[in-house]
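Everything below belongs to protein_12.cif, which stores mmCIF, C-alpha atoms.
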```cif
data_start
loop_
_atom_site.label_atom_id
_atom_site.label_comp_id
_atom_site.auth_asym_id
_atom_site.auth_seq_id
_atom_site.Cartn_x
_atom_site.Cartn_y
_atom_site.Cartn_z
CA MET A 1 -15.17 3.45 -24.65
CA GLY A 2 -13.27 0.33 -25.62
CA PRO A 3 -9.61 -0.61 -25.07
CA ASP A 4 -7.02 2.10 -24.46
CA HIS A 5 -3.87 0.18 -23.51
CA LEU A 6 -1.24 -1.72 -25.49
CA ALA A 7 1.18 -3.94 -23.53
CA VAL A 8 4.36 -4.63 -25.51
CA TYR A 9 6.41 -7.60 -24.29
CA LEU A 10 9.81 -7.07 -25.87
CA SER A 11 11.20 -10.52 -25.04
CA ASN A 12 10.85 -13.55 -22.79
CA SER A 13 14.27 -13.01 -21.18
CA CYS A 14 15.03 -11.65 -17.73
CA ASN A 15 18.12 -11.47 -15.55
CA LEU A 16 15.95 -12.22 -12.50
CA ALA A 17 13.86 -15.22 -11.52
CA CYS A 18 11.26 -13.82 -9.12
CA SER A 19 9.26 -16.58 -7.47
CA TYR A 20 5.87 -15.01 -8.19
CA CYS A 21 6.48 -13.82 -11.77
CA TYR A 22 3.34 -14.27 -13.88
CA VAL A 23 5.25 -14.14 -17.20
CA SER A 24 6.90 -17.26 -18.63
CA VAL A 25 10.45 -15.89 -18.70
CA ASN A 26 13.69 -17.79 -19.23
CA GLU A 27 11.78 -20.88 -20.37
CA GLY A 28 13.14 -22.38 -23.57
CA PRO A 29 15.20 -20.40 -26.08
CA PRO A 30 15.21 -16.61 -25.74
CA VAL A 31 12.76 -14.89 -28.07
CA SER A 32 12.65 -11.20 -28.90
CA LEU A 33 10.29 -9.29 -31.17
CA ASP A 34 12.03 -7.53 -34.02
CA LEU A 35 11.69 -3.81 -34.56
CA GLN A 36 9.49 -4.08 -37.65
CA ALA A 37 7.00 -6.34 -35.87
CA LEU A 38 6.91 -3.91 -32.95
CA LYS A 39 6.32 -0.98 -35.29
CA ARG A 40 3.42 -2.81 -36.92
CA SER A 41 1.80 -3.36 -33.53
CA ILE A 42 2.20 0.34 -32.68
CA ASP A 43 0.76 1.36 -36.06
CA PHE A 44 -2.23 -0.97 -35.62
CA PHE A 45 -2.87 0.37 -32.12
CA PHE A 46 -2.93 3.98 -33.23
CA LYS A 47 -4.98 3.26 -36.35
CA GLU A 48 -7.60 0.89 -34.96
CA ILE A 49 -8.07 2.02 -31.35
CA ALA A 50 -10.36 5.04 -31.06
CA HIS A 51 -10.00 5.75 -27.33
CA PRO A 52 -8.83 9.37 -26.88
CA GLN A 53 -6.46 8.51 -24.01
CA LYS A 54 -4.05 5.84 -25.17
CA LYS A 55 -1.32 4.14 -23.14
CA ILE A 56 1.58 1.89 -24.17
CA THR A 57 3.53 -0.15 -21.63
CA PHE A 58 6.91 -1.72 -22.48
CA LEU A 59 7.54 -4.95 -20.59
CA GLY A 60 9.54 -8.15 -20.75
CA GLY A 61 11.13 -10.16 -19.38
CA GLU A 62 13.36 -7.28 -18.44
CA PRO A 63 12.80 -4.55 -21.07
CA PHE A 64 16.25 -3.01 -20.57
CA LEU A 65 18.11 -6.18 -21.58
CA ASN A 66 17.93 -5.01 -25.19
CA TRP A 67 18.36 -1.29 -24.66
CA PRO A 68 18.83 -0.33 -28.35
CA LEU A 69 15.55 -2.06 -29.22
CA PHE A 70 13.80 -0.36 -26.31
CA CYS A 71 15.07 3.06 -27.40
CA SER A 72 14.03 2.52 -31.01
CA ILE A 73 10.47 1.41 -30.31
CA ALA A 74 9.89 3.93 -27.52
CA ARG A 75 11.02 6.75 -29.77
CA TYR A 76 8.85 5.42 -32.60
CA ALA A 77 5.81 5.26 -30.32
CA ARG A 78 6.35 8.83 -29.19
CA GLU A 79 6.82 10.07 -32.76
CA GLN A 80 3.70 8.30 -34.02
CA GLY A 81 1.51 8.97 -31.01
CA GLY A 82 2.53 12.51 -30.18
CA PRO A 83 2.83 14.10 -26.75
CA ASP A 84 -0.55 12.97 -25.40
CA VAL A 85 0.09 9.22 -25.55
CA VAL A 86 1.16 7.82 -22.18
CA LEU A 87 4.32 5.72 -22.45
CA GLN A 88 5.50 3.69 -19.49
CA THR A 89 7.82 0.85 -18.60
CA PHE A 90 8.46 -1.45 -15.65
CA THR A 91 12.05 -2.51 -14.95
CA ASN A 92 13.71 -4.44 -12.14
CA GLY A 93 16.25 -1.61 -11.82
CA THR A 94 19.39 -3.72 -11.99
CA LEU A 95 20.33 -2.22 -15.36
CA MET A 96 19.36 1.40 -14.69
CA THR A 97 21.96 4.10 -15.42
CA PRO A 98 21.90 7.91 -15.43
CA GLN A 99 22.00 7.82 -19.23
CA LYS A 100 18.97 5.56 -19.43
CA LEU A 101 17.04 7.73 -17.01
CA ASP A 102 17.92 10.80 -19.08
CA PHE A 103 16.53 9.10 -22.18
CA LEU A 104 13.31 8.15 -20.40
CA ARG A 105 12.84 11.69 -19.12
CA GLU A 106 13.61 13.20 -22.51
CA LEU A 107 10.98 11.00 -24.17
CA GLY A 108 8.46 11.31 -21.35
CA VAL A 109 8.39 7.60 -20.53
CA HIS A 110 7.05 6.93 -17.04
CA CYS A 111 9.41 4.44 -15.40
CA THR A 112 8.51 2.20 -12.47
CA ILE A 113 11.10 0.18 -10.56
CA SER A 114 9.97 -3.21 -9.27
CA LEU A 115 11.06 -3.51 -5.64
CA ASP A 116 9.20 -5.20 -2.82
CA GLY A 117 10.67 -3.29 0.11
CA ARG A 118 13.84 -3.23 2.12
CA LYS A 119 16.46 -5.92 1.69
CA GLY A 120 15.00 -8.61 3.92
CA VAL A 121 11.61 -8.42 2.20
CA ASN A 122 12.77 -7.75 -1.35
CA ASP A 123 15.31 -10.57 -1.54
CA LYS A 124 12.85 -13.21 -0.30
CA HIS A 125 11.30 -13.50 -3.74
CA ARG A 126 13.34 -11.29 -6.09
CA VAL A 127 16.51 -13.21 -6.96
CA TYR A 128 18.91 -13.38 -9.89
CA PHE A 129 18.46 -16.02 -12.56
CA ARG A 130 21.16 -18.66 -11.95
CA SER A 131 23.00 -16.41 -9.48
CA LYS A 132 20.98 -16.42 -6.29
CA GLU A 133 23.87 -15.55 -3.97
CA ARG A 134 23.85 -11.89 -5.12
CA SER A 135 21.48 -9.42 -3.51
CA VAL A 136 19.07 -7.82 -5.99
CA PHE A 137 18.26 -5.15 -3.42
CA ASP A 138 21.88 -4.12 -2.95
CA ASP A 139 22.48 -3.91 -6.70
CA VAL A 140 19.35 -1.83 -7.36
CA MET A 141 20.08 0.53 -4.49
CA ALA A 142 23.58 1.08 -5.85
CA ARG A 143 22.06 1.93 -9.24
CA LEU A 144 19.48 4.30 -7.79
CA ARG A 145 21.52 5.94 -5.03
CA ASP A 146 22.50 9.09 -6.91
CA LEU A 147 19.56 9.27 -9.32
CA PRO A 148 16.69 11.74 -8.94
CA LYS A 149 13.52 9.87 -8.06
CA ASP A 150 10.92 12.60 -8.55
CA ASP A 151 9.99 11.09 -11.94
CA LEU A 152 10.31 7.45 -10.85
CA GLY A 153 7.72 5.10 -9.47
CA VAL A 154 8.19 1.96 -7.45
CA SER A 155 6.02 -1.16 -7.55
CA LEU A 156 5.98 -3.63 -4.68
CA VAL A 157 4.42 -7.06 -4.49
CA PHE A 158 3.38 -8.21 -1.04
CA THR A 159 2.61 -11.71 0.16
CA SER A 160 1.03 -13.12 3.32
CA GLU A 161 4.60 -13.60 4.52
CA THR A 162 5.59 -9.94 4.01
CA ILE A 163 2.32 -8.06 4.66
CA ASP A 164 3.44 -7.25 8.22
CA ASP A 165 6.18 -5.04 6.74
CA PHE A 166 3.94 -3.38 4.15
CA LEU A 167 3.52 0.03 5.80
CA SER A 168 7.17 0.36 6.76
CA ASN A 169 8.17 -0.47 3.19
CA VAL A 170 5.78 2.13 1.76
CA ASP A 171 7.26 4.70 4.14
CA TYR A 172 10.78 3.62 3.15
CA PHE A 173 10.05 4.27 -0.52
CA TYR A 174 8.33 7.57 0.26
CA GLN A 175 11.34 8.74 2.25
CA MET A 176 13.55 7.79 -0.69
CA GLY A 177 11.62 10.26 -2.82
CA PHE A 178 9.65 8.06 -5.23
CA SER A 179 6.76 10.03 -6.72
CA ARG A 180 4.55 6.98 -7.35
CA ILE A 181 4.08 3.89 -5.20
CA THR A 182 2.19 0.96 -6.68
CA PHE A 183 1.39 -2.21 -4.76
CA ASN A 184 -0.47 -5.45 -5.29
CA PRO A 185 -0.64 -8.92 -3.73
CA GLU A 186 1.04 -11.96 -5.22
CA LEU A 187 -1.55 -13.08 -7.77
CA TYR A 188 -1.87 -16.77 -7.06
CA GLU A 189 -1.44 -17.03 -3.30
CA GLN A 190 -4.29 -18.18 -1.07
CA TRP A 191 -4.52 -16.17 2.17
CA SER A 192 -5.75 -17.42 5.51
CA GLU A 193 -8.43 -15.45 7.37
CA ASP A 194 -5.82 -14.35 9.93
CA LYS A 195 -3.58 -12.94 7.22
CA LEU A 196 -6.54 -11.26 5.50
CA ALA A 197 -7.21 -9.49 8.79
CA VAL A 198 -3.59 -8.27 8.79
CA LEU A 199 -4.08 -7.07 5.21
CA ARG A 200 -7.19 -5.09 6.18
CA ARG A 201 -5.33 -3.43 9.04
CA ALA A 202 -2.44 -2.61 6.71
CA MET A 203 -4.76 -0.89 4.22
CA GLN A 204 -6.43 1.04 7.05
CA GLY A 205 -2.99 2.04 8.26
CA LEU A 206 -2.08 3.20 4.76
CA ALA A 207 -5.15 5.47 4.70
CA ARG A 208 -4.13 7.02 8.04
CA TYR A 209 -0.55 7.40 6.84
CA TYR A 210 -1.63 9.19 3.66
CA LYS A 211 -3.95 11.51 5.59
CA MET A 212 -1.04 12.36 7.90
CA ILE A 213 1.13 13.32 4.91
CA LEU A 214 -1.63 15.59 3.60
CA ALA A 215 -2.30 17.09 7.03
CA LYS A 216 1.36 18.03 7.40
CA GLY A 217 1.35 19.77 4.02
CA LEU A 218 3.96 17.37 2.61
CA LYS A 219 4.07 16.42 -1.05
CA PRO A 220 2.07 13.18 -1.35
CA PHE A 221 3.05 10.27 -3.53
CA GLN A 222 0.72 9.01 -6.24
CA ILE A 223 -0.90 5.66 -5.49
#
```
Before we go any further, please render this structure as structure tokens.
Amino acid sequence: MGPDHLAVYLSNSCNLACSYCYVSVNEGPPVSLDLQALKRSIDFFFKEIAHPQKKITFLGGEPFLNWPLFCSIARYAREQGGPDVVLQTFTNGTLMTPQKLDFLRELGVHCTISLDGRKGVNDKHRVYFRSKERSVFDDVMARLRDLPKDDLGVSLVFTSETIDDFLSNVDYFYQMGFSRITFNPELYEQWSEDKLAVLRRAMQGLARYYKMILAKGLKPFQI
């Protein structure tokens, strides 16, 4: 049926410097799209793309670094696309506030927090740009502690180094109340056969874990 998804990269700036990031952030001078250029891309998407189920994802860098721009283009996309267009964003969570979450919920923007697991796992690869002594995990947890998580997702990246902790990290996020848990391997890493065997066991364990949740009549998370 053709393309259905528009990815909008608001800027090339981020307050983190994750080791596995696939976007060229914080390289050279900061660049940000202006609102009119963003509106033109939204207009083109709605006019030229015929797929009945359209999705727009707001990314960065860190999309919350320019919050006024994010609000303006997200509101414009909702106004132009109507209630059926799926809007979503991925944020590292360090800039989340109750007011921002209220805005996202009001506009129906699905928000996913990028976290790799508990502190020891998360802070292996997710570090601040030019300030690596601070814990990203601690800062995000402080931001999220009192926020409702029934509308929030979490996205974790696992590596051959952290795959042993995969199931415990999924359970950690489920116990926190996240409604969606997304996961994927680090894109460019080469895995040994031994580690691939660990990965297979982890995925089998995830299937058993999910079946257990369903068997107990608990509310499952979306994968």
message: For the PyMOL selection byres ((chain A and resi 75-82) around 12), applied here, can you spell out every residue it catches as a PyMOL selection string?
response: chain A and resi 6+8+35-36+38-47+49+52-58+68-74+83-88+103-109
message: I'd like to know which of A:Thr94, A:Thr89, A:Asn184, A:Ser192 is closest to His110 in chain A, using only C-alpha atoms.
response: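 The answer is A:Thr89, which sits nearest to His110 in chain A.
We find CA of Val140 in chain A and CA of Thr91 in chain A to be spaced 10.6 Å apart.
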query: Counting all atoms listed in the file, which of A:Lys119, A:Arg180, A:Lys100, A:His51 gets nearest to Trp67 in chain A?
result: A:Lys100
field: Nearest candidate to Arg145 in chain A (options A:Ala207, A:Ala7, A:Ala215, A:Met96; using only C-alpha atoms)
entry: A:Met96
query: Can you list, as a PyMOL selection string, the residues that the PyMOL selection byres ((chain A and resi 139) around 12) selects here?
result: chain A and resi 92-97+115+119+122-123+126-128+134-138+140-145
query: Which residues match the PyMOL selection byres ((chain A and resi 19-27) around 9) in the file above, as a PyMOL selection string?
result: chain A and resi 11-15+17-18+28-30+60-61+124-127+129+157+186-188
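Residues surrounding Met203 in chain A within 12 Å are Ile163, Asp164, Asp165, Phe166, Leu167, Val170, Phe183, Asn184, Leu196, Ala197, Val198, Arg208, Tyr209 and Tyr210 of chain A [all atoms listed in the file; sequence separation below 5 positions excluded].
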Length of the CA of Asp151 in chain A to CA of Ser179 in chain A vector [Å]: 6.2 Å
message: Quick check, in Å to one decimal: how far apart do CA of Ile181 in chain A and CA of Ser155 in chain A lie?
response: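 These atoms are spaced 5.9 Å apart.
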